[in-house]
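For reference, protein-v6.tsv is printed below; it contains TSV, C-alpha atoms and all ligand atoms.
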chain	number	residue	atom	x	y	z
A	1	MET	CA	0.00	0.00	0.00
A	2	LYS	CA	1.38	3.40	-0.98
A	3	HIS	CA	0.79	6.66	0.85
A	4	PHE	CA	1.32	10.25	-0.34
A	5	LEU	CA	3.00	11.81	2.70
A	6	THR	CA	5.87	13.69	1.06
A	7	THR	CA	7.43	13.87	-2.39
A	8	GLU	CA	10.81	12.99	-0.89
A	9	ASP	CA	10.16	9.28	-1.45
A	10	TRP	CA	8.70	9.73	-4.95
A	11	PRO	CA	11.19	9.73	-7.87
A	12	ARG	CA	10.92	12.58	-10.33
A	13	GLU	CA	9.63	10.21	-13.05
A	14	ASP	CA	6.66	9.23	-10.87
A	15	LEU	CA	5.89	12.86	-10.07
A	16	GLU	CA	6.17	13.74	-13.77
A	17	GLN	CA	3.65	10.99	-14.52
A	18	LEU	CA	1.29	12.41	-11.89
A	19	LEU	CA	1.53	15.78	-13.66
A	20	VAL	CA	0.79	14.15	-17.03
A	21	ASP	CA	-2.20	12.41	-15.45
A	22	ALA	CA	-3.31	15.67	-13.86
A	23	ASP	CA	-3.18	17.44	-17.22
A	24	ARG	CA	-5.37	14.69	-18.73
A	25	LEU	CA	-7.82	14.93	-15.84
A	26	ARG	CA	-8.36	18.69	-16.16
A	27	GLY	CA	-12.05	19.38	-16.60
A	28	LEU	CA	-12.85	15.65	-16.74
A	29	LYS	CA	-15.81	14.29	-14.82
A	30	ASP	CA	-15.94	10.51	-14.80
A	31	GLN	CA	-16.85	7.60	-12.56
A	32	SER	CA	-13.26	6.44	-12.00
A	33	LEU	CA	-13.66	6.42	-8.20
A	34	LYS	CA	-17.33	5.42	-8.11
A	35	GLY	CA	-18.20	3.91	-4.75
A	36	LYS	CA	-14.98	5.17	-3.11
A	37	THR	CA	-15.01	7.46	-0.08
A	38	ALA	CA	-12.27	9.78	1.16
A	39	ALA	CA	-12.13	10.97	4.78
A	40	LEU	CA	-10.75	14.51	4.94
A	41	ILE	CA	-9.58	15.32	8.47
A	42	PHE	CA	-8.84	18.98	9.20
A	43	PHE	CA	-7.03	20.00	12.37
A	44	ASN	CA	-6.55	23.48	10.82
A	45	PRO	CA	-8.52	25.86	8.59
A	46	SER	CA	-8.62	25.50	4.82
A	47	LEU	CA	-10.41	26.86	1.77
A	48	ARG	CA	-8.60	25.40	-1.26
A	49	THR	CA	-7.63	22.02	0.15
A	50	ARG	CA	-11.05	21.32	1.59
A	51	ALA	CA	-12.93	22.40	-1.53
A	52	SER	CA	-10.60	20.82	-4.08
A	53	PHE	CA	-10.45	17.41	-2.37
A	54	GLN	CA	-14.23	17.33	-1.98
A	55	VAL	CA	-14.83	18.37	-5.59
A	56	ALA	CA	-12.17	15.90	-6.81
A	57	MET	CA	-14.01	13.00	-5.17
A	58	ILE	CA	-17.42	14.22	-6.41
A	59	GLU	CA	-16.15	14.67	-9.99
A	60	MET	CA	-14.76	11.12	-9.99
A	61	GLY	CA	-18.05	9.65	-8.80
A	62	GLY	CA	-16.97	9.13	-5.19
A	63	ASN	CA	-17.77	10.72	-1.86
A	64	ALA	CA	-15.89	12.87	0.65
A	65	LEU	CA	-16.45	12.78	4.37
A	66	VAL	CA	-15.15	15.99	5.99
A	67	LEU	CA	-14.18	15.69	9.65
A	68	ASP	CA	-13.31	18.88	11.51
A	69	THR	CA	-11.49	18.39	14.77
A	70	ALA	CA	-14.08	20.48	16.60
A	71	GLY	CA	-16.54	17.67	15.88
A	72	THR	CA	-14.32	14.66	16.66
A	73	TRP	CA	-12.31	13.40	19.65
A	74	SER	CA	-8.87	14.77	20.39
A	75	LEU	CA	-6.24	12.16	19.50
A	76	GLU	CA	-3.22	10.68	21.29
A	77	VAL	CA	-0.24	9.61	19.15
A	78	GLU	CA	2.25	8.36	21.77
A	79	PRO	CA	2.49	4.55	21.82
A	80	GLY	CA	1.84	3.17	25.30
A	81	ALA	CA	0.61	6.56	26.58
A	82	MET	CA	-1.19	6.81	29.93
A	83	MET	CA	-4.15	8.72	28.51
A	84	ASP	CA	-5.06	10.72	31.61
A	85	GLN	CA	-4.63	14.13	29.92
A	86	GLY	CA	-6.70	15.82	27.17
A	87	ALA	CA	-6.86	13.16	24.45
A	88	GLU	CA	-9.95	10.94	24.46
A	89	GLU	CA	-8.92	8.52	21.73
A	90	HIS	CA	-5.70	6.96	20.47
A	91	VAL	CA	-4.93	7.25	16.77
A	92	LYS	CA	-4.42	3.46	16.90
A	93	GLU	CA	-8.20	3.05	17.10
A	94	ALA	CA	-9.18	6.16	15.10
A	95	ALA	CA	-7.09	5.18	12.08
A	96	ARG	CA	-8.17	1.55	12.10
A	97	VAL	CA	-11.86	2.36	12.59
A	98	LEU	CA	-11.90	4.98	9.83
A	99	SER	CA	-10.15	2.46	7.57
A	100	THR	CA	-13.21	0.22	7.86
A	101	TYR	CA	-15.46	3.05	6.60
A	102	VAL	CA	-13.42	4.79	3.88
A	103	ASP	CA	-10.91	4.03	1.12
A	104	VAL	CA	-8.40	6.81	1.75
A	105	ILE	CA	-7.69	9.13	4.70
A	106	CYS	CA	-6.41	12.66	4.01
A	107	ILE	CA	-4.98	14.69	6.89
A	108	ARG	CA	-4.17	18.35	7.55
A	109	CYS	CA	-2.27	18.87	10.79
A	110	PHE	CA	0.02	21.89	11.18
A	111	PRO	CA	2.82	22.16	13.72
A	112	LYS	CA	1.83	23.32	17.20
A	113	PHE	CA	4.54	26.06	16.99
A	114	GLN	CA	5.84	25.38	20.51
A	115	ASP	CA	8.71	22.92	20.01
A	116	TRP	CA	10.12	22.29	16.56
A	117	SER	CA	11.96	19.16	17.75
A	118	VAL	CA	8.49	17.64	18.30
A	119	ASP	CA	6.70	19.23	15.34
A	120	ARG	CA	9.39	18.10	12.90
A	121	GLN	CA	8.52	14.46	13.64
A	122	ASP	CA	5.08	14.91	12.01
A	123	ARG	CA	3.79	12.33	14.47
A	124	LEU	CA	0.07	12.39	13.79
A	125	LEU	CA	0.54	11.88	10.05
A	126	HIS	CA	2.99	9.04	10.60
A	127	ALA	CA	0.79	7.44	13.25
A	128	PHE	CA	-2.11	7.39	10.78
A	129	ALA	CA	0.20	5.88	8.16
A	130	GLU	CA	1.29	3.22	10.65
A	131	TYR	CA	-2.13	2.16	11.89
A	132	ALA	CA	-4.49	2.78	8.96
A	133	THR	CA	-5.16	-0.02	6.54
A	134	VAL	CA	-5.98	2.40	3.70
A	135	PRO	CA	-3.70	4.95	1.96
A	136	ILE	CA	-2.94	8.25	3.71
A	137	VAL	CA	-2.62	11.59	1.90
A	138	ASN	CA	-0.89	14.61	3.39
A	139	MET	CA	-3.09	17.71	3.02
A	140	GLU	CA	-0.35	19.83	4.71
A	141	THR	CA	1.62	19.06	7.82
A	142	ILE	CA	5.30	20.02	7.72
A	143	VAL	CA	5.26	19.66	3.94
A	144	HIS	CA	2.47	20.28	1.43
A	145	PRO	CA	3.02	17.79	-1.39
A	146	CYS	CA	-0.28	18.46	-3.22
A	147	GLN	CA	0.60	22.16	-3.35
A	148	GLU	CA	4.02	21.18	-4.74
A	149	LEU	CA	2.46	19.33	-7.65
A	150	ALA	CA	-0.03	22.11	-8.37
A	151	HIS	CA	2.81	24.62	-8.32
A	152	MET	CA	5.03	22.62	-10.64
A	153	LEU	CA	2.15	22.01	-13.06
A	154	ALA	CA	1.61	25.77	-13.24
A	155	VAL	CA	5.36	26.35	-13.80
A	156	LYS	CA	5.47	23.76	-16.58
A	157	ASP	CA	2.32	25.17	-18.23
A	158	ARG	CA	3.98	28.57	-18.48
A	159	LEU	CA	7.66	27.72	-18.98
A	160	GLY	CA	7.77	24.20	-20.41
A	161	ALA	CA	10.66	22.16	-19.03
A	162	PRO	CA	11.73	23.75	-15.73
A	163	ASP	CA	15.31	22.45	-15.85
A	164	GLY	CA	17.91	25.20	-15.69
A	165	LYS	CA	15.36	27.93	-15.03
A	166	LYS	CA	16.21	30.36	-12.22
A	167	TYR	CA	13.83	29.96	-9.26
A	168	VAL	CA	13.69	32.19	-6.19
A	169	LEU	CA	11.90	31.06	-3.05
A	170	THR	CA	11.61	34.26	-1.08
A	171	TRP	CA	10.63	34.65	2.55
A	172	THR	CA	8.15	37.49	2.98
A	173	TYR	CA	6.94	39.39	6.00
A	174	HIS	CA	3.74	38.33	7.76
A	175	PRO	CA	2.48	39.59	11.12
A	176	LYS	CA	2.43	36.03	12.50
A	177	PRO	CA	5.02	33.24	12.31
A	178	LEU	CA	3.69	30.71	9.81
A	179	ASN	CA	4.27	27.06	8.98
A	180	THR	CA	7.38	26.17	6.97
A	181	ALA	CA	5.51	23.45	5.04
A	182	VAL	CA	5.07	25.27	1.73
A	183	ALA	CA	8.63	26.62	1.85
A	184	ASN	CA	9.96	23.11	2.45
A	185	SER	CA	7.84	21.84	-0.41
A	186	SER	CA	8.85	24.61	-2.78
A	187	LEU	CA	12.51	23.83	-2.19
A	188	LEU	CA	11.97	20.08	-2.61
A	189	ILE	CA	10.04	20.27	-5.90
A	190	ALA	CA	12.12	23.00	-7.56
A	191	THR	CA	15.40	21.21	-6.81
A	192	LYS	CA	13.97	17.84	-7.86
A	193	PHE	CA	12.92	19.33	-11.21
A	194	GLY	CA	16.39	20.63	-12.04
A	195	MET	CA	15.91	24.33	-11.37
A	196	ASP	CA	18.63	26.75	-10.24
A	197	VAL	CA	17.12	27.60	-6.89
A	198	THR	CA	17.88	30.50	-4.58
A	199	LEU	CA	16.50	30.43	-1.06
A	200	LEU	CA	16.16	34.10	-0.09
A	201	CYS	CA	15.52	34.71	3.61
A	202	PRO	CA	16.40	37.44	6.14
A	203	THR	CA	19.07	35.62	8.16
A	204	GLU	CA	20.58	32.17	8.72
A	205	GLU	CA	17.89	31.65	11.37
A	206	TYR	CA	15.28	31.45	8.62
A	207	LEU	CA	16.93	28.52	6.88
A	208	LEU	CA	14.67	25.52	6.66
A	209	ASP	CA	15.02	22.32	8.63
A	210	PRO	CA	18.22	20.36	7.81
A	211	ARG	CA	16.06	17.46	6.60
A	212	PHE	CA	14.73	19.60	3.74
A	213	MET	CA	17.96	21.47	3.09
A	214	SER	CA	19.80	18.12	2.78
A	215	ALA	CA	17.09	16.52	0.65
A	216	SER	CA	17.23	19.52	-1.66
A	217	GLU	CA	21.04	19.26	-1.89
A	218	GLU	CA	20.62	15.60	-2.83
A	219	ASN	CA	17.96	16.53	-5.39
A	220	VAL	CA	20.27	18.94	-7.21
A	221	LYS	CA	22.98	16.29	-7.43
A	222	ARG	CA	20.54	14.06	-9.29
A	223	SER	CA	18.66	16.71	-11.28
A	224	GLY	CA	21.56	18.92	-12.36
A	225	GLY	CA	20.04	21.99	-10.72
A	226	SER	CA	21.60	24.10	-8.00
A	227	LEU	CA	20.79	25.52	-4.59
A	228	THR	CA	22.06	28.88	-3.34
A	229	ILE	CA	21.27	30.74	-0.13
A	230	SER	CA	20.92	34.52	-0.18
A	231	HIS	CA	19.94	37.22	2.29
A	232	ASP	CA	20.05	39.99	-0.33
A	233	PRO	CA	16.93	40.59	-2.45
A	234	GLN	CA	18.80	42.73	-4.99
A	235	THR	CA	21.09	39.83	-5.87
A	236	ALA	CA	18.60	37.01	-5.51
A	237	TYR	CA	15.93	38.45	-7.83
A	238	ARG	CA	18.33	39.23	-10.67
A	239	ASP	CA	17.35	37.31	-13.86
A	240	ALA	CA	14.91	35.05	-11.99
A	241	ASP	CA	12.37	33.13	-14.08
A	242	VAL	CA	10.08	32.25	-11.17
A	243	VAL	CA	9.53	34.01	-7.84
A	244	TYR	CA	7.68	32.01	-5.20
A	245	ALA	CA	6.76	33.89	-2.03
A	246	LYS	CA	6.07	32.44	1.39
A	247	SER	CA	6.36	33.60	4.96
A	248	TRP	CA	7.50	31.32	7.76
A	249	GLY	CA	8.64	31.44	11.36
A	250	ALA	CA	12.33	30.99	12.20
A	251	LEU	CA	12.85	27.47	13.55
A	252	PRO	CA	15.21	28.43	16.44
A	253	TYR	CA	12.43	30.62	17.90
A	254	PHE	CA	9.67	28.02	18.18
A	255	GLY	CA	7.92	28.72	21.48
A	256	ARG	CA	9.78	32.07	21.86
A	257	TRP	CA	7.98	34.00	19.15
A	258	GLU	CA	8.16	37.31	21.00
A	259	GLU	CA	11.95	37.15	20.47
A	260	GLU	CA	11.54	36.44	16.76
A	261	LYS	CA	9.06	39.26	16.14
A	262	PRO	CA	11.61	42.12	16.03
A	263	ILE	CA	13.64	40.24	13.39
A	264	ARG	CA	10.54	39.61	11.30
A	265	ASP	CA	9.42	43.21	11.69
A	266	ALA	CA	12.82	44.46	10.53
A	267	HIS	CA	12.41	42.62	7.21
A	268	ARG	CA	9.09	44.01	5.96
A	269	HIS	CA	11.04	45.18	2.91
A	270	PHE	CA	11.20	41.55	1.71
A	271	ARG	CA	7.67	42.14	0.32
A	272	VAL	CA	7.47	41.22	-3.36
A	273	ASP	CA	6.97	44.45	-5.33
A	274	GLU	CA	7.34	45.90	-8.81
A	275	ASP	CA	10.91	47.12	-8.21
A	276	LYS	CA	12.13	43.67	-7.24
A	277	MET	CA	10.25	42.00	-10.09
A	278	ALA	CA	11.86	44.49	-12.49
A	279	LEU	CA	15.21	42.88	-11.66
A	280	THR	CA	14.00	39.51	-12.96
A	281	ASN	CA	13.75	37.91	-16.36
A	282	ASN	CA	10.05	38.90	-16.49
A	283	ALA	CA	9.57	36.26	-13.81
A	284	LEU	CA	6.40	34.40	-13.05
A	285	PHE	CA	5.07	35.09	-9.59
A	286	SER	CA	3.25	32.64	-7.38
A	287	HIS	CA	2.09	31.98	-3.85
A	288	CYS	CA	0.15	29.07	-2.38
A	289	LEU	CA	-2.67	31.29	-1.00
A	290	PRO	CA	-4.19	32.54	1.25
A	291	LEU	CA	-2.29	35.75	0.61
A	292	ARG	CA	-2.19	38.96	2.64
A	293	ARG	CA	-2.14	41.49	-0.18
A	294	ASN	CA	0.21	44.46	0.12
A	295	VAL	CA	1.88	42.80	3.11
A	296	LYS	CA	3.53	39.85	1.36
A	297	VAL	CA	3.13	41.11	-2.21
A	298	THR	CA	1.80	44.27	-3.80
A	299	ASP	CA	-1.49	44.28	-5.67
A	300	ALA	CA	0.38	45.21	-8.84
A	301	VAL	CA	2.44	42.01	-8.74
A	302	ALA	CA	-0.38	39.74	-7.57
A	303	ASP	CA	-2.66	41.02	-10.35
A	304	SER	CA	-0.01	41.14	-13.09
A	305	PRO	CA	-0.11	38.84	-16.13
A	306	GLN	CA	2.94	37.08	-14.68
A	307	SER	CA	1.04	36.09	-11.55
A	308	MET	CA	-0.08	32.46	-11.56
A	309	ILE	CA	-1.69	32.37	-8.13
A	310	ILE	CA	-5.10	31.37	-9.47
A	311	GLU	CA	-3.69	28.82	-11.91
A	312	GLU	CA	-1.72	27.16	-9.13
A	313	ALA	CA	-4.79	27.00	-6.89
A	314	ALA	CA	-6.91	25.66	-9.78
A	315	ASN	CA	-4.32	22.93	-10.37
A	316	ARG	CA	-5.00	21.51	-6.92
A	317	LEU	CA	-8.11	19.82	-8.35
A	318	PRO	CA	-6.52	17.79	-11.19
A	319	VAL	CA	-3.32	16.93	-9.29
A	320	GLN	CA	-5.32	15.60	-6.36
A	321	LYS	CA	-7.48	13.59	-8.75
A	322	ALA	CA	-4.27	12.11	-10.14
A	323	VAL	CA	-2.93	11.31	-6.66
A	324	LEU	CA	-6.22	9.76	-5.51
A	325	GLN	CA	-6.48	7.64	-8.67
A	326	ARG	CA	-2.88	6.47	-8.26
A	327	LEU	CA	-3.45	5.43	-4.66
A	328	LEU	CA	-6.92	3.95	-5.11
A	329	LYS	CA	-6.65	2.42	-8.57
A	330	GLY	CA	-2.91	2.05	-9.01
A	331	ASN	CA	-2.89	3.85	-12.37
B	1	LIG	N1	-2.88	26.53	-0.28
B	1	LIG	C1	-3.74	25.91	0.55
B	1	LIG	O1	-3.50	24.78	1.01
B	1	LIG	O2	-4.88	26.59	0.80
B	1	LIG	P1	-5.88	26.32	2.01
B	1	LIG	O3	-5.05	26.53	3.28
B	1	LIG	O4	-6.97	27.29	1.86
B	1	LIG	O5	-6.33	24.89	1.93
Structure translated into structure tokens:
Amino acid sequence: MKHFLTTEDWPREDLEQLLVDADRLRGLKDQSLKGKTAALIFFNPSLRTRASFQVAMIEMGGNALVLDTAGTWSLEVEPGAMMDQGAEEHVKEAARVLSTYVDVICIRCFPKFQDWSVDRQDRLLHAFAEYATVPIVNMETIVHPCQELAHMLAVKDRLGAPDGKKYVLTWTYHPKPLNTAVANSSLLIATKFGMDVTLLCPTEEYLLDPRFMSASEENVKRSGGSLTISHDPQTAYRDADVVYAKSWGALPYFGRWEEEKPIRDAHRHFRVDEDKMALTNNALFSHCLPLRRNVKVTDAVADSPQSMIIEEAANRLPVQKAVLQRLLKGN
């Protein structure tokens, strides 16, 4: 049984095939998953992921069962736990019981933002993968693999082969420290697809977890791309073909966010704007959404012809159809 937890364990050829499948599935309504049910479990808010997974199942003739954590029991993940605290149910039962009702379980569970050494283990997702007897799909935990595929499909639609194209993943200001998942995913997919990637962030403290930095280094060895770190927007943007914006909290400050805030506040100028985009090779702009306009990116850039924010979001539907078909039908 195969899960879709992260693209790290999927070779590029398999991901390329998913993108080919996704392209074929665009606009298609069929009965390919007739009689199949997906459980969508949300521990965090969502617009795109919730809607696109539900519509994907409906358009393939199946059903989606949406479970919000407000309406279900809180879950324990620790094996052998003495459950005398908040959790009412162990994932050992929850995963196995749900597996008797549905054909695939999709999970969104963000970090708790208190202790990165715990959050980085992605324990709930892995506990579901361990105990469930049906495939598990990651709808965003510490990576966001469905967003990765949607993003790369949008890049390929606009640029053709991404290999050798200059890609900038830029940190942007946000009033709150956010999840690193999309940044991790952006780095993983761009390096796997042979792009010359620059990670632009305010300081060394905003580098991503070593797991994803190392995986990206390994990716470029195989793909022929490159990975550069920059803290200087003027240099990083120059001649870029793609600019991907995301805000995230600095990992060393998990649980001490009041100490991180002054650093974040001092880098509001990392906002994507027309002056920075003018340094590029008429670069495409994207963001995973939701997007705080004029905080992370100016209206002029977000609404420009080079912006592919809506295309990327739209691509969530066909790529998730492709993933669900692969897991449920093996094609
Ligand atoms: N990009 C994304 O996953 O959007 P939602 O958080 O709205 O699902």
Do you know which residues are within 10 Å of ligand LIG 1 (chain B) using all atoms listed in the file? Can you write them as a short mmCIF file (atom, residue, chain, number, x, y, z; two decimals) with C-alpha atoms, keeping the file's coordinate frame?
data_model
loop_
_atom_site.label_atom_id
_atom_site.label_comp_id
_atom_site.auth_asym_id
_atom_site.auth_seq_id
_atom_site.Cartn_x
_atom_site.Cartn_y
_atom_site.Cartn_z
CA PHE A 42 -8.84 18.98 9.20
CA ASN A 44 -6.55 23.48 10.82
CA PRO A 45 -8.52 25.86 8.59
CA SER A 46 -8.62 25.50 4.82
CA LEU A 47 -10.41 26.86 1.77
CA ARG A 48 -8.60 25.40 -1.26
CA THR A 49 -7.63 22.02 0.15
CA ARG A 50 -11.05 21.32 1.59
CA ALA A 51 -12.93 22.40 -1.53
CA SER A 52 -10.60 20.82 -4.08
CA PHE A 53 -10.45 17.41 -2.37
CA ARG A 108 -4.17 18.35 7.55
CA MET A 139 -3.09 17.71 3.02
CA GLU A 140 -0.35 19.83 4.71
CA HIS A 144 2.47 20.28 1.43
CA PRO A 145 3.02 17.79 -1.39
CA CYS A 146 -0.28 18.46 -3.22
CA GLN A 147 0.60 22.16 -3.35
CA GLU A 148 4.02 21.18 -4.74
CA ALA A 150 -0.03 22.11 -8.37
CA ALA A 181 5.51 23.45 5.04
CA VAL A 182 5.07 25.27 1.73
CA HIS A 287 2.09 31.98 -3.85
CA CYS A 288 0.15 29.07 -2.38
CA LEU A 289 -2.67 31.29 -1.00
CA PRO A 290 -4.19 32.54 1.25
CA LEU A 291 -2.29 35.75 0.61
CA ILE A 309 -1.69 32.37 -8.13
CA GLU A 312 -1.72 27.16 -9.13
CA ALA A 313 -4.79 27.00 -6.89
CA ARG A 316 -5.00 21.51 -6.92
#
Between A:Leu208, A:Ala190, A:Leu67, A:Leu227, single out the one closest to Ser247 (chain A), counting all atoms listed in the file.
->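 Of A:Leu208, A:Ala190, A:Leu67, A:Leu227, the one nearest Ser247 (chain A), counting all atoms listed in the file, is A:Leu208.
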Name the closest residue to Ile229 (chain A) among the candidates A:Gln114, A:Asn282, A:Asn138, A:Thr170; distances are taken between atoms, counting only C-alpha atoms.
->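 Ranking A:Gln114, A:Asn282, A:Asn138, A:Thr170 by distance to Ile229 (chain A), first place goes to A:Thr170.
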Tell me, in Å to one decimal, how far CA of Ala314 (chain A) is from CA of Leu153 (chain A).
->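 Separation between CA of Ala314 (chain A) and CA of Leu153 (chain A): 10.3 Å.
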Please tell me which residues are no farther than 8 Å from (19.9, 37.0, -12.6) in the file, counting all atoms listed in the file, and write them as a ChimeraX atom specification.
-> /A:166,235-240,279-281
Against region 18-41 of chain A, which residues of region 59-150 of chain A fall within 7 Å? For each one I want the closest pair of atoms and the distance in Å (one decimal), counting all atoms listed in the file, rows by chain and increasing residue number, as a Markdown table.
| residue | atom | partner | partner_atom | distance |
| --- | --- | --- | --- | --- |
| A:Glu59 | CA | A:Lys29 | CA | 4.9 |
| A:Met60 | CA | A:Gln31 | CA | 4.8 |
| A:Gly61 | CA | A:Lys34 | CA | 4.3 |
| A:Gly62 | CA | A:Lys34 | CA | 4.7 |
| A:Asn63 | CA | A:Thr37 | CA | 4.6 |
| A:Ala64 | CA | A:Ala38 | CA | 4.8 |
| A:Leu65 | CA | A:Ala39 | CA | 4.7 |
| A:Val66 | CA | A:Leu40 | CA | 4.8 |
| A:Leu67 | CA | A:Ile41 | CA | 4.8 |
| A:Asp68 | CA | A:Ile41 | CA | 6.0 |
| A:Val102 | CA | A:Thr37 | CA | 5.0 |
| A:Asp103 | CA | A:Thr37 | CA | 5.5 |
| A:Val104 | CA | A:Ala38 | CA | 4.9 |
| A:Ile105 | CA | A:Ala39 | CA | 4.8 |
| A:Cys106 | CA | A:Leu40 | CA | 4.8 |
| A:Ile107 | CA | A:Ile41 | CA | 4.9 |
| A:Arg108 | CA | A:Ile41 | CA | 6.3 |
Could you check how far CA of Met213 (chain A) sits from CA of Glu311 (chain A), in Å to one decimal?
-> 27.3 Å
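Taking CA of Ile310 (chain A) and CA of Ala154 (chain A) as endpoints, the distance between them is 9.5 Å.
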For Lys176 (chain A), which of A:Val197, A:Leu284, A:Arg292, A:Gly160 is the closest residue, counting only C-alpha atoms?
->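 Smallest distance to Lys176 (chain A) is found for A:Arg292.
When the distance limit is 9 Å and all atoms listed in the file are what count, the residues near Gly255 (chain A), minus those fewer than 5 positions from it on the same chain, are A:Phe113, A:Gln114, A:Asp115, A:Trp116.
Among A:Glu204, A:Pro305, A:Glu16, A:Ala127, the residue with the shortest atom-to-atom distance to Glu93 (chain A), counting all atoms listed in the file, is A:Ala127.
Taking all atoms listed in the file into account, Ile263 (chain A) lies nearest to A:Pro177 out of the set A:Phe285, A:Ile142, A:Lys296, A:Pro177.
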Considering all atoms listed in the file, state which residue in the set A:Gly164, A:Pro318, A:Pro202, A:Ala215 is at the smallest distance from Arg271 (chain A).
->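 Distance minimum relative to Arg271 (chain A) lands on A:Pro202.
For Asn219 (chain A), the list of residues within 10 Å, based on all atoms listed in the file and with local chain neighbours fewer than 3 positions off taken out, reads Glu8, Pro11, Arg12, Leu187, Leu188, Ile189, Ala190, Thr191, Lys192, Phe193, Gly194, Met213, Ser214, Ala215, Ser216, Arg222, Ser223, Gly224, Gly225, Ser226 and Leu227 of chain A.
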Any chance you can output those residues with C-alpha atoms as a CSV table (one decimal), in the frame of the given file?
chain,number,residue,atom,x,y,z
A,8,GLU,CA,10.8,13.0,-0.9
A,11,PRO,CA,11.2,9.7,-7.9
A,12,ARG,CA,10.9,12.6,-10.3
A,187,LEU,CA,12.5,23.8,-2.2
A,188,LEU,CA,12.0,20.1,-2.6
A,189,ILE,CA,10.0,20.3,-5.9
A,190,ALA,CA,12.1,23.0,-7.6
A,191,THR,CA,15.4,21.2,-6.8
A,192,LYS,CA,14.0,17.8,-7.9
A,193,PHE,CA,12.9,19.3,-11.2
A,194,GLY,CA,16.4,20.6,-12.0
A,213,MET,CA,18.0,21.5,3.1
A,214,SER,CA,19.8,18.1,2.8
A,215,ALA,CA,17.1,16.5,0.6
A,216,SER,CA,17.2,19.5,-1.7
A,222,ARG,CA,20.5,14.1,-9.3
A,223,SER,CA,18.7,16.7,-11.3
A,224,GLY,CA,21.6,18.9,-12.4
A,225,GLY,CA,20.0,22.0,-10.7
A,226,SER,CA,21.6,24.1,-8.0
A,227,LEU,CA,20.8,25.5,-4.6
Name the residues, using the chain letters and numbers of the file, that sit within 12 Å of (-7.9, 2.1, 11.9) when counting only C-alpha atoms, and give them as a list in words.
->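 Residues found, by chain and rising number: Glu89, His90, Val91, Lys92, Glu93, Ala94, Ala95, Arg96, Val97, Leu98, Ser99, Thr100, Tyr101, Val102, Asp103, Val104, Ile105, Ala127, Phe128, Ala129, Glu130, Tyr131, Ala132, Thr133, Val134, Pro135 and Ile136 of chain A.
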For Glu260 (chain A), work out the shell of residues within 8 Å, counting all atoms listed in the file and skipping chain neighbours fewer than 5 positions away, then give it as an MDAnalysis selection string.
-> chainID A and resid 249:250 253
Using only C-alpha atoms, please write the residues we just selected to a file, as a JSON list (two decimals), in the coordinates of the input.
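In the end it all went to out.json:
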[["chain", "number", "residue", "atom", "x", "y", "z"],
["A", 249, "GLY", "CA", 8.64, 31.44, 11.36],
["A", 250, "ALA", "CA", 12.33, 30.99, 12.20],
["A", 253, "TYR", "CA", 12.43, 30.62, 17.90]]
